[in-house]
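Trainee: Questions regarding the structure given below will be posed in turn.
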Amino acid sequence: KAECIKKKSSGAKLTVLQLDLSQKNSLKDFVAQFLSLNLPLHVLVLNAGVLGLNWALSSYECEMQFSINYLGHFHLFYLLKDLLMQSAPARVVCVSSEAHRYTNLNHSGLDLDSSLSKTKPRDYSAITAYGSSKLCCIYLAMEIHRRYADEGIHAYSVHPGVMIPTSLPRNWCVYRLMFLASRCFTKSVAQGASSVVYCAASTLPAEESGLYYFNCRPSRPSRSAQACHPAEALWEVSENLIGEGEKRGDEVPDDI
């Protein structure tokens, strides 16, 4: 991808660093390498994602889709937040999905039992796990806004589009066929990226920080995604999972 960018924009200056969001050590190494460059950080796009994985545990000892699509992003932001504040004004763009509407989480609480289980739950669904991870991305943007807007960091969650022709469906042939069959009716990669670029680079009023964007404008997410308590509770659980909060017990609190 870096080579493609160089071919299209001969004057582009790129530095490529490797990062595996499912591995804590990889993430810490990435941050150390980035900080050693002594560069400011004005925009952080949390864009990595996987879909339809078989149940597996990450190095965080959490379900893999939850770890890659949400928790690794949370950890990355957490380690870079001081630099973002030093570089303010800064923006964080969390790439979510309309799939956040298809989840077993609800507005009255945040049931993470499936995501945090050390063994495969009987009712595990890869699609539901994906939707839950994308709902958590919306909560992440909301909570970054609540905690850091006054420090000069604004955050946005974005739905790029449905079944855009990327490598997202690579893990199962059925997904690949569905994406292929719908290609004539979906956005191109460039069109899908437009809302992400809009939130990262356009002139947006501060009061729109924390909102969910679709087609380059604020959109109403699910009822669950509009609840503030789960976002705050998820942040606290996430701090414990990455080792930055108080040591997590064996069970998730009932009110989360």
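Residue numbers start at 1 in each chain; chains themselves are named A, B, ... in the order of the structure tokens; ligands are numbered from 1 in the order shown.
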Contacts of region 71-76 of chain A at 7 Å or less, counting only C-alpha atoms, minus same-chain residues fewer than 5 places along, as number ranges by chain?
Mentor: A: 21-22, 27, 46, 66, 238, 242
Trainee: Kindly export the residues of the current selection with all heavy atoms, as a JSON list (two decimals), in the first residue's frame.
Mentor:
[["chain", "number", "residue", "atom", "x", "y", "z"],
["A", 21, "LEU", "N", -2.28, -5.51, 16.22],
["A", 21, "LEU", "CA", -3.12, -5.03, 17.32],
["A", 21, "LEU", "C", -3.57, -6.14, 18.27],
["A", 21, "LEU", "O", -4.09, -5.85, 19.34],
["A", 21, "LEU", "CB", -4.34, -4.31, 16.77],
["A", 21, "LEU", "CG", -4.08, -2.92, 16.18],
["A", 21, "LEU", "CD1", -5.31, -2.40, 15.43],
["A", 21, "LEU", "CD2", -3.70, -1.93, 17.28],
["A", 22, "SER", "N", -3.37, -7.38, 17.89],
["A", 22, "SER", "CA", -3.75, -8.48, 18.80],
["A", 22, "SER", "C", -2.62, -8.83, 19.76],
["A", 22, "SER", "O", -2.81, -9.64, 20.67],
["A", 22, "SER", "CB", -4.14, -9.72, 17.99],
["A", 22, "SER", "OG", -3.01, -10.30, 17.37],
["A", 27, "LEU", "N", 2.35, -3.87, 19.85],
["A", 27, "LEU", "CA", 1.81, -2.53, 19.98],
["A", 27, "LEU", "C", 2.78, -1.62, 20.74],
["A", 27, "LEU", "O", 3.03, -0.48, 20.34],
["A", 27, "LEU", "CB", 0.46, -2.60, 20.70],
["A", 27, "LEU", "CG", -0.41, -1.35, 20.65],
["A", 27, "LEU", "CD1", -1.89, -1.77, 20.63],
["A", 27, "LEU", "CD2", -0.15, -0.45, 21.82],
["A", 46, "LEU", "N", -7.99, 5.17, 13.74],
["A", 46, "LEU", "CA", -8.05, 3.80, 14.25],
["A", 46, "LEU", "C", -8.90, 2.98, 13.28],
["A", 46, "LEU", "O", -10.12, 2.89, 13.41],
["A", 46, "LEU", "CB", -8.63, 3.81, 15.67],
["A", 46, "LEU", "CG", -7.86, 4.71, 16.65],
["A", 46, "LEU", "CD1", -8.57, 4.75, 18.01],
["A", 46, "LEU", "CD2", -6.41, 4.25, 16.80],
["A", 66, "PHE", "N", -12.84, -8.60, 19.26],
["A", 66, "PHE", "CA", -12.90, -7.53, 20.26],
["A", 66, "PHE", "C", -11.52, -6.92, 20.47],
["A", 66, "PHE", "O", -11.36, -5.70, 20.57],
["A", 66, "PHE", "CB", -13.44, -8.10, 21.58],
["A", 66, "PHE", "CG", -13.41, -7.16, 22.75],
["A", 66, "PHE", "CD1", -14.40, -6.19, 22.91],
["A", 66, "PHE", "CD2", -12.40, -7.24, 23.71],
["A", 66, "PHE", "CE1", -14.37, -5.32, 23.99],
["A", 66, "PHE", "CE2", -12.38, -6.38, 24.79],
["A", 66, "PHE", "CZ", -13.36, -5.41, 24.93],
["A", 238, "SER", "N", -11.41, -1.49, 30.05],
["A", 238, "SER", "CA", -10.31, -1.53, 29.08],
["A", 238, "SER", "C", -8.98, -1.16, 29.73],
["A", 238, "SER", "O", -7.94, -1.75, 29.41],
["A", 238, "SER", "CB", -10.61, -0.58, 27.91],
["A", 238, "SER", "OG", -11.82, -0.93, 27.27],
["A", 242, "ILE", "N", -5.60, -3.68, 29.70],
["A", 242, "ILE", "CA", -4.26, -3.36, 29.17],
["A", 242, "ILE", "C", -3.25, -3.14, 30.30],
["A", 242, "ILE", "O", -2.09, -2.80, 30.05],
["A", 242, "ILE", "CB", -4.30, -2.12, 28.25],
["A", 242, "ILE", "CG1", -4.65, -0.85, 29.04],
["A", 242, "ILE", "CG2", -5.25, -2.33, 27.09],
["A", 242, "ILE", "CD1", -4.50, 0.43, 28.23]]
Trainee: Quick one: everything within 10 Å of Thr15 (chain A), counting only C-alpha atoms, minus sequence neighbours fewer than 3 positions away in the same chain. Send it as number ranges by chain.
Mentor: A: 2, 12, 34, 37
Trainee: Keeping only N, CA and C atoms, write the selected residues to a file as a PDB file, in the first residue's frame.
Mentor:
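Output file part_37.pdb is given in full below:
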ATOM      1  N   ALA A   2       1.963   1.215   0.738  1.00  0.00           N
ATOM      2  CA  ALA A   2       2.862   2.366   0.759  1.00  0.00           C
ATOM      3  C   ALA A   2       3.439   2.621  -0.627  1.00  0.00           C
ATOM      4  N   ALA A  12       5.168  12.190  -1.774  1.00  0.00           N
ATOM      5  CA  ALA A  12       4.736  11.738  -0.450  1.00  0.00           C
ATOM      6  C   ALA A  12       5.910  11.235   0.371  1.00  0.00           C
ATOM      7  N   PHE A  34       7.533   4.818  17.037  1.00  0.00           N
ATOM      8  CA  PHE A  34       6.935   6.078  16.592  1.00  0.00           C
ATOM      9  C   PHE A  34       7.417   7.257  17.436  1.00  0.00           C
ATOM     10  N   LEU A  37      10.714   8.856  16.625  1.00  0.00           N
ATOM     11  CA  LEU A  37      10.807   9.719  15.449  1.00  0.00           C
ATOM     12  C   LEU A  37      10.713  11.198  15.820  1.00  0.00           C
TER      13      LEU A  37
END
Trainee: For Gly152 (chain A), which of A:Val45, A:Leu135, A:Val196, A:Ala206 is the closest residue, counting only C-alpha atoms?
Mentor: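 The shortest atom-to-atom distance to Gly152 (chain A) comes from A:Ala206.
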Trainee: Using CA of His154 (chain A) and CA of Gly11 (chain A) as the two end points, give the distance in Å to one decimal.
Mentor: 29.0 Å
Trainee: Report, in Å to a single decimal, how far apart CA of Pro160 (chain A) and CA of Ala200 (chain A) are.
Mentor: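 One can read the CA of Ala200 (chain A) to CA of Pro160 (chain A) distance as 13.1 Å.
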